[in-house]
$ cat model.txt   # compact mmCIF, N, CA and C atoms and all ligand atoms
# COMPACT_ATOMS: atom_id res chain seq x y z
N MET A 181 143.89 139.37 76.08
CA MET A 181 144.08 140.78 75.80
C MET A 181 144.54 140.94 74.35
N ASN A 182 144.08 141.98 73.72
CA ASN A 182 144.38 142.19 72.31
C ASN A 182 144.98 143.59 72.13
N CYS A 183 146.01 143.69 71.31
CA CYS A 183 146.67 144.98 71.11
C CYS A 183 145.93 145.85 70.12
N GLY A 184 144.91 145.30 69.45
CA GLY A 184 144.15 146.07 68.48
C GLY A 184 144.65 145.93 67.07
N ASN A 185 145.71 145.16 66.87
CA ASN A 185 146.27 144.98 65.53
C ASN A 185 145.82 143.69 64.86
N ASN A 186 144.69 143.12 65.33
CA ASN A 186 144.16 141.90 64.75
C ASN A 186 145.17 140.77 64.75
N CYS A 187 145.91 140.64 65.85
CA CYS A 187 146.88 139.56 65.96
C CYS A 187 146.70 138.87 67.31
N ASP A 188 147.35 137.74 67.47
CA ASP A 188 147.35 137.05 68.75
C ASP A 188 148.66 137.37 69.46
N CYS A 189 148.60 138.34 70.36
CA CYS A 189 149.82 138.81 71.00
C CYS A 189 150.45 137.77 71.90
N SER A 190 149.67 136.76 72.30
CA SER A 190 150.23 135.73 73.18
C SER A 190 150.89 134.61 72.38
N ALA A 191 150.90 134.71 71.07
CA ALA A 191 151.45 133.66 70.23
C ALA A 191 152.97 133.58 70.36
N SER A 192 153.48 132.38 70.21
CA SER A 192 154.91 132.13 70.31
C SER A 192 155.46 131.71 68.96
N THR A 193 156.77 131.79 68.82
CA THR A 193 157.43 131.22 67.65
C THR A 193 158.20 129.99 68.12
N ILE A 194 157.88 128.86 67.50
CA ILE A 194 158.49 127.59 67.86
C ILE A 194 159.39 127.15 66.71
N THR A 195 160.63 126.87 67.02
CA THR A 195 161.56 126.33 66.03
C THR A 195 161.74 124.85 66.32
N MET A 196 161.47 124.01 65.30
CA MET A 196 161.64 122.57 65.45
C MET A 196 162.70 122.09 64.47
N ILE A 197 163.68 121.38 64.99
CA ILE A 197 164.77 120.86 64.16
C ILE A 197 164.64 119.35 64.11
N LYS A 198 164.56 118.82 62.89
CA LYS A 198 164.50 117.37 62.73
C LYS A 198 165.41 116.98 61.58
N ASP A 199 166.32 116.05 61.85
CA ASP A 199 167.28 115.59 60.85
C ASP A 199 168.03 116.75 60.20
N GLY A 200 168.34 117.77 61.00
CA GLY A 200 169.10 118.92 60.50
C GLY A 200 168.26 119.96 59.80
N ASN A 201 166.99 119.69 59.58
CA ASN A 201 166.11 120.65 58.92
C ASN A 201 165.34 121.45 59.97
N GLU A 202 165.30 122.76 59.78
CA GLU A 202 164.68 123.65 60.75
C GLU A 202 163.33 124.13 60.22
N THR A 203 162.30 124.00 61.06
CA THR A 203 160.98 124.51 60.70
C THR A 203 160.61 125.59 61.70
N LEU A 204 160.30 126.78 61.18
CA LEU A 204 159.92 127.90 62.03
C LEU A 204 158.40 128.00 62.03
N ILE A 205 157.81 127.91 63.20
CA ILE A 205 156.35 127.92 63.32
C ILE A 205 155.95 129.16 64.09
N LYS A 206 155.28 130.06 63.42
CA LYS A 206 154.86 131.30 64.06
C LYS A 206 153.40 131.20 64.46
N GLY A 207 153.05 131.85 65.54
CA GLY A 207 151.65 131.94 65.94
C GLY A 207 151.15 130.76 66.73
N SER A 208 152.07 130.00 67.35
CA SER A 208 151.62 128.87 68.16
C SER A 208 150.92 129.38 69.42
N LYS A 209 149.84 128.73 69.75
CA LYS A 209 149.02 129.18 70.87
C LYS A 209 149.54 128.68 72.21
N LYS A 210 149.37 129.51 73.20
CA LYS A 210 149.70 129.16 74.57
C LYS A 210 148.91 127.92 74.96
N ASP A 211 149.54 127.04 75.74
CA ASP A 211 148.95 125.81 76.27
C ASP A 211 148.84 124.68 75.25
N ALA A 212 149.33 124.89 74.03
CA ALA A 212 149.42 123.76 73.09
C ALA A 212 150.65 122.94 73.46
N THR A 213 150.55 121.61 73.33
CA THR A 213 151.75 120.80 73.54
C THR A 213 152.63 120.88 72.29
N LEU A 214 153.90 120.54 72.46
CA LEU A 214 154.79 120.55 71.30
C LEU A 214 154.34 119.53 70.27
N LEU A 215 153.77 118.42 70.73
CA LEU A 215 153.25 117.43 69.79
C LEU A 215 152.10 118.01 68.98
N GLU A 216 151.20 118.73 69.62
CA GLU A 216 150.09 119.35 68.89
C GLU A 216 150.60 120.37 67.88
N VAL A 217 151.60 121.15 68.28
CA VAL A 217 152.17 122.15 67.36
C VAL A 217 152.80 121.45 66.17
N ALA A 218 153.54 120.37 66.42
CA ALA A 218 154.17 119.63 65.32
C ALA A 218 153.11 119.07 64.37
N GLN A 219 152.09 118.44 64.93
CA GLN A 219 151.05 117.82 64.10
C GLN A 219 150.29 118.86 63.29
N ASP A 220 150.05 120.02 63.88
CA ASP A 220 149.31 121.08 63.18
C ASP A 220 150.13 121.71 62.06
N ASN A 221 151.45 121.48 62.08
CA ASN A 221 152.32 122.14 61.11
C ASN A 221 153.14 121.16 60.28
N ASN A 222 152.65 119.93 60.18
CA ASN A 222 153.25 118.90 59.33
C ASN A 222 154.72 118.62 59.65
N VAL A 223 155.07 118.71 60.93
CA VAL A 223 156.39 118.27 61.37
C VAL A 223 156.21 116.88 61.94
N GLN A 224 156.99 115.92 61.45
CA GLN A 224 156.84 114.52 61.86
C GLN A 224 157.46 114.28 63.23
N MET A 225 156.63 114.35 64.27
CA MET A 225 157.09 114.01 65.62
C MET A 225 156.51 112.64 65.94
N ASP A 226 157.39 111.67 66.19
CA ASP A 226 156.91 110.33 66.50
C ASP A 226 156.09 110.35 67.78
N ASN A 227 155.11 109.48 67.88
CA ASN A 227 154.26 109.42 69.08
C ASN A 227 153.66 108.02 69.20
N ALA A 228 154.54 107.06 69.43
CA ALA A 228 154.14 105.65 69.43
C ALA A 228 153.04 105.33 70.43
N CYS A 229 152.98 106.04 71.55
CA CYS A 229 151.95 105.76 72.56
C CYS A 229 150.73 106.65 72.39
N GLY A 230 150.72 107.43 71.32
CA GLY A 230 149.55 108.28 71.07
C GLY A 230 149.48 109.51 71.96
N GLY A 231 150.62 109.94 72.47
CA GLY A 231 150.65 111.15 73.27
C GLY A 231 150.28 110.94 74.72
N ASN A 232 150.48 109.73 75.22
CA ASN A 232 150.12 109.42 76.60
C ASN A 232 151.30 109.42 77.57
N GLY A 233 152.46 109.88 77.11
CA GLY A 233 153.61 109.97 78.00
C GLY A 233 154.19 108.63 78.40
N ALA A 234 154.09 107.65 77.53
CA ALA A 234 154.51 106.30 77.91
C ALA A 234 155.56 105.68 76.99
N CYS A 235 156.13 106.46 76.06
CA CYS A 235 157.05 105.81 75.12
C CYS A 235 158.37 106.55 74.88
N THR A 236 158.43 107.82 75.03
CA THR A 236 159.57 108.71 74.78
C THR A 236 159.91 108.93 73.30
N THR A 237 159.10 108.42 72.38
CA THR A 237 159.43 108.65 70.96
C THR A 237 159.22 110.11 70.55
N CYS A 238 158.55 110.89 71.38
CA CYS A 238 158.33 112.32 71.10
C CYS A 238 159.36 113.19 71.79
N MET A 239 160.42 112.58 72.31
CA MET A 239 161.40 113.34 73.10
C MET A 239 162.07 114.43 72.26
N VAL A 240 162.24 115.59 72.89
CA VAL A 240 162.94 116.70 72.24
C VAL A 240 164.07 117.17 73.16
N LYS A 241 165.10 117.72 72.53
CA LYS A 241 166.15 118.41 73.28
C LYS A 241 165.86 119.90 73.17
N VAL A 242 165.80 120.57 74.30
CA VAL A 242 165.45 122.00 74.31
C VAL A 242 166.74 122.81 74.17
N HIS A 243 166.86 123.53 73.06
CA HIS A 243 168.03 124.38 72.84
C HIS A 243 167.84 125.76 73.45
N LYS A 244 166.64 126.29 73.32
CA LYS A 244 166.34 127.62 73.88
C LYS A 244 164.89 127.65 74.33
N GLY A 245 164.63 128.43 75.36
CA GLY A 245 163.25 128.68 75.78
C GLY A 245 162.68 127.66 76.75
N ALA A 246 163.53 126.96 77.48
CA ALA A 246 163.03 125.98 78.47
C ALA A 246 162.08 126.66 79.45
N GLU A 247 162.33 127.93 79.72
CA GLU A 247 161.49 128.68 80.66
C GLU A 247 160.11 128.98 80.07
N ASN A 248 159.97 128.76 78.78
CA ASN A 248 158.68 129.02 78.12
C ASN A 248 157.84 127.76 77.95
N LEU A 249 158.26 126.70 78.64
CA LEU A 249 157.50 125.45 78.63
C LEU A 249 156.99 125.16 80.03
N SER A 250 155.89 124.41 80.10
CA SER A 250 155.32 124.05 81.40
C SER A 250 156.32 123.20 82.20
N GLU A 251 156.07 123.09 83.49
CA GLU A 251 156.98 122.34 84.35
C GLU A 251 156.99 120.86 83.97
N VAL A 252 158.10 120.20 84.27
CA VAL A 252 158.22 118.76 84.02
C VAL A 252 157.12 118.04 84.79
N THR A 253 156.38 117.18 84.10
CA THR A 253 155.26 116.48 84.73
C THR A 253 155.74 115.22 85.45
N ASP A 254 154.88 114.69 86.31
CA ASP A 254 155.20 113.42 86.97
C ASP A 254 155.45 112.33 85.94
N ARG A 255 154.67 112.34 84.88
CA ARG A 255 154.82 111.34 83.82
C ARG A 255 156.20 111.44 83.18
N GLU A 256 156.64 112.68 82.93
CA GLU A 256 157.97 112.87 82.34
C GLU A 256 159.05 112.37 83.30
N GLU A 257 158.89 112.66 84.58
CA GLU A 257 159.88 112.17 85.55
C GLU A 257 159.91 110.65 85.57
N MET A 258 158.74 110.02 85.47
CA MET A 258 158.69 108.56 85.42
C MET A 258 159.43 108.02 84.21
N MET A 259 159.46 108.82 83.13
CA MET A 259 160.12 108.38 81.91
C MET A 259 161.57 108.85 81.82
N GLY A 260 162.09 109.41 82.93
CA GLY A 260 163.50 109.73 83.00
C GLY A 260 163.87 111.19 82.81
N MET A 261 162.89 112.08 82.62
CA MET A 261 163.20 113.49 82.47
C MET A 261 163.59 114.04 83.85
N ASN A 262 164.42 115.07 83.84
CA ASN A 262 164.94 115.64 85.08
C ASN A 262 164.33 117.03 85.29
N SER A 263 163.54 117.19 86.35
CA SER A 263 162.88 118.47 86.57
C SER A 263 163.87 119.56 86.97
N ASP A 264 165.04 119.18 87.49
CA ASP A 264 166.05 120.18 87.87
C ASP A 264 166.82 120.69 86.66
N ASN A 265 166.87 119.91 85.61
CA ASN A 265 167.60 120.30 84.40
C ASN A 265 166.80 119.82 83.19
N PRO A 266 165.73 120.57 82.87
CA PRO A 266 164.81 120.09 81.83
C PRO A 266 165.33 120.29 80.41
N GLU A 267 166.49 119.69 80.14
CA GLU A 267 167.08 119.80 78.81
C GLU A 267 166.33 118.91 77.82
N TYR A 268 165.83 117.80 78.31
CA TYR A 268 165.06 116.89 77.47
C TYR A 268 163.63 116.86 77.98
N ARG A 269 162.67 116.89 77.05
CA ARG A 269 161.25 116.89 77.41
C ARG A 269 160.49 115.94 76.50
N LEU A 270 159.31 115.57 76.96
CA LEU A 270 158.42 114.79 76.11
C LEU A 270 157.49 115.78 75.40
N GLY A 271 157.51 115.74 74.08
CA GLY A 271 156.72 116.69 73.30
C GLY A 271 155.22 116.61 73.57
N CYS A 272 154.76 115.44 73.96
CA CYS A 272 153.33 115.28 74.20
C CYS A 272 152.91 115.76 75.58
N GLN A 273 153.87 116.02 76.44
CA GLN A 273 153.55 116.40 77.82
C GLN A 273 153.79 117.87 78.10
N CYS A 274 154.78 118.48 77.47
CA CYS A 274 155.08 119.87 77.81
C CYS A 274 154.30 120.82 76.92
N LYS A 275 153.80 121.87 77.57
CA LYS A 275 152.97 122.87 76.90
C LYS A 275 153.71 124.20 76.81
N ILE A 276 153.36 124.94 75.79
CA ILE A 276 153.94 126.27 75.62
C ILE A 276 153.25 127.22 76.59
N THR A 277 154.04 127.90 77.39
CA THR A 277 153.45 128.83 78.36
C THR A 277 153.54 130.28 77.89
N GLY A 278 154.20 130.49 76.76
CA GLY A 278 154.37 131.84 76.23
C GLY A 278 155.83 132.07 75.90
N GLY A 279 156.10 132.85 74.86
CA GLY A 279 157.48 133.08 74.45
C GLY A 279 157.95 132.05 73.45
N ASP A 280 159.18 132.23 73.01
CA ASP A 280 159.72 131.41 71.93
C ASP A 280 160.46 130.19 72.47
N VAL A 281 160.47 129.14 71.64
CA VAL A 281 161.09 127.88 72.03
C VAL A 281 161.82 127.32 70.81
N ASN A 282 162.99 126.71 71.06
CA ASN A 282 163.76 126.06 70.00
C ASN A 282 164.08 124.66 70.47
N VAL A 283 163.56 123.65 69.75
CA VAL A 283 163.76 122.27 70.17
C VAL A 283 164.22 121.41 68.98
N GLU A 284 164.95 120.34 69.32
CA GLU A 284 165.38 119.37 68.33
C GLU A 284 164.66 118.06 68.61
N LEU A 285 164.02 117.51 67.59
CA LEU A 285 163.34 116.23 67.74
C LEU A 285 164.36 115.11 67.72
N MET A 286 164.28 114.22 68.71
CA MET A 286 165.30 113.20 68.87
C MET A 286 165.04 111.97 68.00
N TYR A 287 163.80 111.73 67.58
CA TYR A 287 163.47 110.54 66.78
C TYR A 287 162.69 110.92 65.54
S1 LIG B 1 154.03 110.21 72.42
FE1 LIG B 1 154.69 108.65 73.74
S2 LIG B 1 155.64 109.74 75.34
FE2 LIG B 1 154.96 111.29 74.03
$ encode --input "model.txt" --output "structure tokens"
Amino acid sequence: MNCGNNCDCSASTITMIKDGNETLIKGSKKDATLLEVAQDNNVQMDNACGGNGACTTCMVKVHKGAENLSEVTDREEMMGMNSDNPEYRLGCQCKITGGDVNVELMY
């Protein structure tokens, strides 16, 4: 759906914090993973396993907007993420479902 203002109304604003530096990314598309958003915006998110959910080097701490990310996957649970308290997520596994998100890159 389009509001008629030549914009993507479903776009989110993602804030990524790495080594104390904050990057504000506007216009991130729904269903993009945090790793894809980072790579598209020159934020260095480690991904030793190539985004296959097998290494945890893409782990993020979610400061705000956990409800705007997809549910914790089986792969994330296998790697120690807690679906009842999704404070930590794998950037390569969780997708933006809409709305704003603020995360800190752990590595
Ligand atoms: S890149 Fe390895 S778990 Fe995400």
$ residues_near_ligand --input "model.txt" --ligand "ligand LIG 1 (chain B)" --cutoff "9 Å" --atoms "only C-alpha atoms and all ligand atoms" --output "list in words"
Leu215, Met225, Asp226, Asn227, Ala228, Cys229, Gly230, Gly231, Asn232, Gly233, Ala234, Cys235, Thr236, Thr237, Cys238, Met239, Arg255, Glu256, Met259, Leu270, Gly271, Cys272 and Gln273 of chain A
$ closest_residue --input "model.txt" --among "A:Cys274, A:Ile197, A:Met286, A:Val223" --to "Lys241 in chain A" --atoms "only N, CA and C atoms"
A:Met286
$ select_by_dssp --input "model.txt" --residues "range 236-268 of chain A" --states "alpha helix (DSSP H)" --output "PyMOL selection string"
chain A and resi 254-258
$ write_last_selection --input "model.txt" --atoms "N, CA and C atoms" --output "PDB file, in the frame of the given file"
ATOM      1  N   ASP A 254     154.880 114.690  86.310  1.00  0.00           N
ATOM      2  CA  ASP A 254     155.200 113.420  86.970  1.00  0.00           C
ATOM      3  C   ASP A 254     155.450 112.330  85.940  1.00  0.00           C
ATOM      4  N   ARG A 255     154.670 112.340  84.880  1.00  0.00           N
ATOM      5  CA  ARG A 255     154.820 111.340  83.820  1.00  0.00           C
ATOM      6  C   ARG A 255     156.200 111.440  83.180  1.00  0.00           C
ATOM      7  N   GLU A 256     156.640 112.680  82.930  1.00  0.00           N
ATOM      8  CA  GLU A 256     157.970 112.870  82.340  1.00  0.00           C
ATOM      9  C   GLU A 256     159.050 112.370  83.300  1.00  0.00           C
ATOM     10  N   GLU A 257     158.890 112.660  84.580  1.00  0.00           N
ATOM     11  CA  GLU A 257     159.880 112.170  85.550  1.00  0.00           C
ATOM     12  C   GLU A 257     159.910 110.650  85.570  1.00  0.00           C
ATOM     13  N   MET A 258     158.740 110.020  85.470  1.00  0.00           N
ATOM     14  CA  MET A 258     158.690 108.560  85.420  1.00  0.00           C
ATOM     15  C   MET A 258     159.430 108.020  84.210  1.00  0.00           C
TER      16      MET A 258
END
$ atom_distance --input "model.txt" --atom1 "CA of Thr213 in chain A" --atom2 "CA of Pro266 in chain A"
15.5 Å
$ closest_residue --input "model.txt" --among "A:Ser250, A:Asn282, A:Thr195, A:Asn262" --to "Ala212 in chain A" --atoms "only C-alpha atoms"
A:Ser250
$ closest_residue --input "model.txt" --among "A:Val283, A:Val242, A:Met258, A:Ile205" --to "Thr193 in chain A" --atoms "only N, CA and C atoms"
A:Ile205
$ atom_distance --input "model.txt" --atom1 "CA of His243 in chain A" --atom2 "CA of Glu216 in chain A"
19.0 Å
$ select_by_dssp --input "model.txt" --residues "range 200-287 of chain A" --states "strand (DSSP E or B)" --output "list in words"
Asn201, Glu202, Thr203, Leu204, Ile205, Lys206, Gly207, Ser208, Thr213, Met239, Val240, Lys241, Val242, His243, Lys244, Leu249, Tyr268, Arg269, Leu270, Lys275, Ile276, Val281, Asn282, Val283, Glu284 and Leu285 of chain A
$ closest_residue --input "model.txt" --among "A:Ser192, A:Asn248, A:Asn201, A:Asn265" --to "Val217 in chain A" --atoms "only C-alpha atoms"
A:Ser192
$ axis_aligned_box --input "model.txt" --around "range 261-265 of chain A" --padding-each-side "6 Å" --output "JSON"
{"center_x": 165.2, "center_y": 116.4, "center_z": 85.2, "size_x": 16.7, "size_y": 20.6, "size_z": 17.4}
$ closest_residue --input "model.txt" --among "A:Glu247, A:Asp254, A:Asp199, A:Glu267" --to "Gly279 in chain A" --atoms "only N, CA and C atoms"
A:Glu247
$ closest_residue --input "model.txt" --among "A:Met196, A:Ala246, A:Ala218, A:Val252" --to "Glu284 in chain A" --atoms "all atoms listed in the file"
A:Met196
